[in-house]
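The next block holds one structure in the form of structure tokens; read it before the comments.
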Amino acid sequence: MRNLLNFIIKYNNLIIFLILEGIAFFLLSTGNSYHNTRVVKGTRGLTNRIELRISNARSYFQLREIGQDLAKENMMLKNEIERLGRNEDQPFSPLADSVYKQKYIWSTAEVVNNSLKRQKNFFTLNKGELQGLAVDMAVTANDAVAGVIVGCSRNFSVVMSLLNLDFRLSSRIKSNGYFGSLSWDGTDHMHAVLSEIPQHVTINIGDTVETTGYSAVFPEGIMVGTISEFEKTGSDFYRITVLLKTDFRKLHYVNVIGNLQKSEQLELEKPYQ
Amino acid sequence: MINRILKFGLIFVLLILLQVLLFNNIQFSGYVNPYVYIMIILLLPVEIPAWLLLIISFFTGLVMDLFTGTPGMHTAATVLAGFIRPYLLRVLSPRDGYESNKVPSMAVYGFQWFFIYTLVMVLVHHTALFYLEVFRLADFLRTFLRVLLSSLFSITFILLIEYIRKRK
């Protein structure tokens, strides 16, 4: 017993050090995983007010660009309305979104906190559960993939950015329909890597890469980016570098897309996986 | 005594604010992320008990983690830096020992001493932080480059702040 006490007195600093590091590693291992969003939610809640202020100040400097983007989007939407208006005479509408089986629900949000420099990047939206957002909804910016919601509090949501080593997206090459898995390799915020495309497929630099809709998170055909570089590796697959369409450096206004039929699809698929 | 605690509290708040409002917003191609808040640990008095140093390190890291949304990462790195500080101070001890009741500053021990002290502390802290962030050895060299570049900027900023403090 006395030996034990002597030991504790002699090494008390080492013991405190080990205990504190133990707590830190416990936080590290439980707090950062994809699914455990409770810690992220709790901790983000404390600092969100401050970040909201910073974001407000920053959005002031971007007003000109945002105005241009909105004008562009307005123009696009007007064209869309025009096109849809003409289609209405057709007896069979090609649209899947009739009132009774609407598949996707759209909403907009503003980014209040964003990071690019980490290996596992997240950003925060100014809307949460009260505004109808939920976990696993897709987030796009200017009709290009930006991330997936991983945690919601009452008025804020945390989004796992595409620039996150844990992010996986099923995407395909638009010109030939071959699909693979898109992920970020942690090097820079402009590029991601598309893998699992077999080498017998012909691809070209500049080909569009878009989502497949297989994951039930993103709708089909949302643009990811364009092929900027590809090389044949030793295996049977290409290593394709994709230039992302979304500029995460100036991410500000985003769209949130919820899949209303997601649970139905997943439930049906469950027994077969 | 109360005076010194208040002064330390002021340094703590100022450095945390500087880190959160300014340095966390520097996003230079993902390679340069200066972490200047480690200066809080650098500027504690020499004769502070090791256990108190560890606890202050722990809370400094925890506060940073709250702001960056990375539970445990900054905490682990800062506690490590706090743990090695007494040993480092012993190694770097000047010929006639440390003056009592003084913080280890550039004004008291000179530029060269403070530079070596900052260099070792920042390298230890940044190495732990960046490797914990990636949490794998696959991109060893690239992470190493990030550590070196970020350390370079952190050290520059810390020396700059310390120089301004010395002039005052």
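Letters A, B, ... go to the chains of the structure tokens in the order shown; residues in each chain start at 1; ligands are counted from 1 in the same order.
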Env of range 10-26 of chain B: 7 Å cut, atoms = only C-alpha atoms, seq-sep filter 2 positions within chain, self excluded. Answer as a compact mmCIF listing (two decimals) with C-alpha atoms, in the first residue's frame.
# COMPACT_ATOMS: atom_id res chain seq x y z
CA LEU B 6 -6.10 38.47 -14.29
CA LYS B 7 -3.26 39.15 -16.70
CA PHE B 8 -3.11 35.50 -17.69
CA PHE B 28 -4.20 28.61 -47.86
CA ASN B 33 -3.03 26.40 -40.74
CA PRO B 34 -1.23 28.41 -38.08
CA TYR B 35 -2.22 27.59 -34.51
CA VAL B 36 -1.06 30.53 -32.43
CA TYR B 37 -3.12 29.73 -29.32
CA ILE B 40 -1.01 30.42 -23.90
Within 10 Å of chain A, which residues of chain B show up? Give each one with its shortest atom-to-atom distance in Å (one decimal) and the two atoms involved, counting only C-alpha atoms, rows by chain then rising residue number, as CSV.
residue,atom,partner,partner_atom,distance
B:Val20,CA,A:Glu51,CA,9.6
B:Leu21,CA,A:Ile54,CA,7.9
B:Asn24,CA,A:Ser115,CA,8.8
B:Asn25,CA,A:Ser115,CA,8.3
B:Ile26,CA,A:Lys117,CA,8.7
B:Gln27,CA,A:Lys117,CA,6.1
B:Phe28,CA,A:Lys117,CA,7.8
B:Ser29,CA,A:Asp188,CA,6.3
B:Gly30,CA,A:Lys117,CA,4.3
B:Tyr31,CA,A:Lys117,CA,7.4
B:Val32,CA,A:Lys117,CA,8.2
B:Asn33,CA,A:Lys117,CA,7.3
B:Pro49,CA,A:Asn13,CA,9.3
B:Ala50,CA,A:Asn13,CA,6.4
B:Trp51,CA,A:Asn13,CA,5.7
B:Leu52,CA,A:Asn13,CA,9.5
B:Leu53,CA,A:Asn13,CA,9.8
B:Leu54,CA,A:Phe17,CA,6.7
B:Ile55,CA,A:Leu20,CA,8.0
B:Ser57,CA,A:Leu20,CA,9.6
B:Phe58,CA,A:Leu20,CA,6.9
B:Gly61,CA,A:Ala24,CA,9.2
B:Leu62,CA,A:Ala24,CA,8.6
B:Asp65,CA,A:Thr43,CA,8.5
B:Leu66,CA,A:Thr43,CA,5.6
B:Phe67,CA,A:Thr47,CA,6.0
B:Thr68,CA,A:Arg44,CA,8.4
B:Gly69,CA,A:Val40,CA,6.2
B:Thr70,CA,A:Asn32,CA,6.8
B:Pro71,CA,A:Leu27,CA,5.4
B:Gly72,CA,A:Ala24,CA,4.3
B:Met73,CA,A:Leu28,CA,6.1
B:His74,CA,A:Ala24,CA,8.4
B:Thr75,CA,A:Ala24,CA,5.7
B:Ala76,CA,A:Ala24,CA,5.1
B:Ala77,CA,A:Glu21,CA,8.7
B:Thr78,CA,A:Glu21,CA,9.5
B:Val79,CA,A:Glu21,CA,6.8
B:Leu80,CA,A:Glu21,CA,7.7
B:Gly82,CA,A:Phe17,CA,8.8
B:Phe83,CA,A:Phe17,CA,6.7
B:Phe130,CA,A:Arg118,CA,9.1
B:Leu132,CA,A:Leu28,CA,8.8
B:Glu133,CA,A:Gln119,CA,6.9
B:Val134,CA,A:Gln119,CA,6.3
B:Phe135,CA,A:Gln119,CA,9.7
B:Asp139,CA,A:Gly186,CA,9.4
B:Arg142,CA,A:Thr187,CA,8.7
>> With only C-alpha atoms as the counted atoms, please give the residues lying no more than 9 Å from Thr127 in chain B, apart from itself and same-chain residues fewer than 5 positions off, as a VMD selection string.
In response: chain B and resid 77 122 132 143 to 144 147 to 148 151
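Distance-wise, CA of Ile105 in chain A and CA of Leu251 in chain A end up 21.2 Å apart.
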> Which residue out of B:Ile2, B:Ala128, B:Leu159, B:Met64 has the minimum interatomic distance to Gln112 in chain B when only C-alpha atoms are used?
Replying inline: B:Leu159
> So how far away is CA of Tyr87 in chain B from CA of Trp113 in chain B, in Å?
Replying inline: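 Atom-to-atom, CA of Trp113 in chain B and CA of Tyr87 in chain B are spaced 15.1 Å apart.
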> When you draw a straight line from CA of Met137 in chain A to CA of Leu244 in chain A, how long is it in Å?
Replying inline: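 Separating CA of Met137 in chain A from CA of Leu244 in chain A is a distance of 20.0 Å.
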> Taking into account only C-alpha atoms, which residue in the set A:Met223, A:Ile149, A:Leu266, A:Ile19 is nearest to Ser171 in chain A?
Replying inline: A:Met223
> What residues in range 19-116 of chain B get the DSSP label alpha helix (DSSP H)? Please answer as a PyMOL selection string.
Replying inline: chain B and resi 39-42+50-68+73-91+106-116
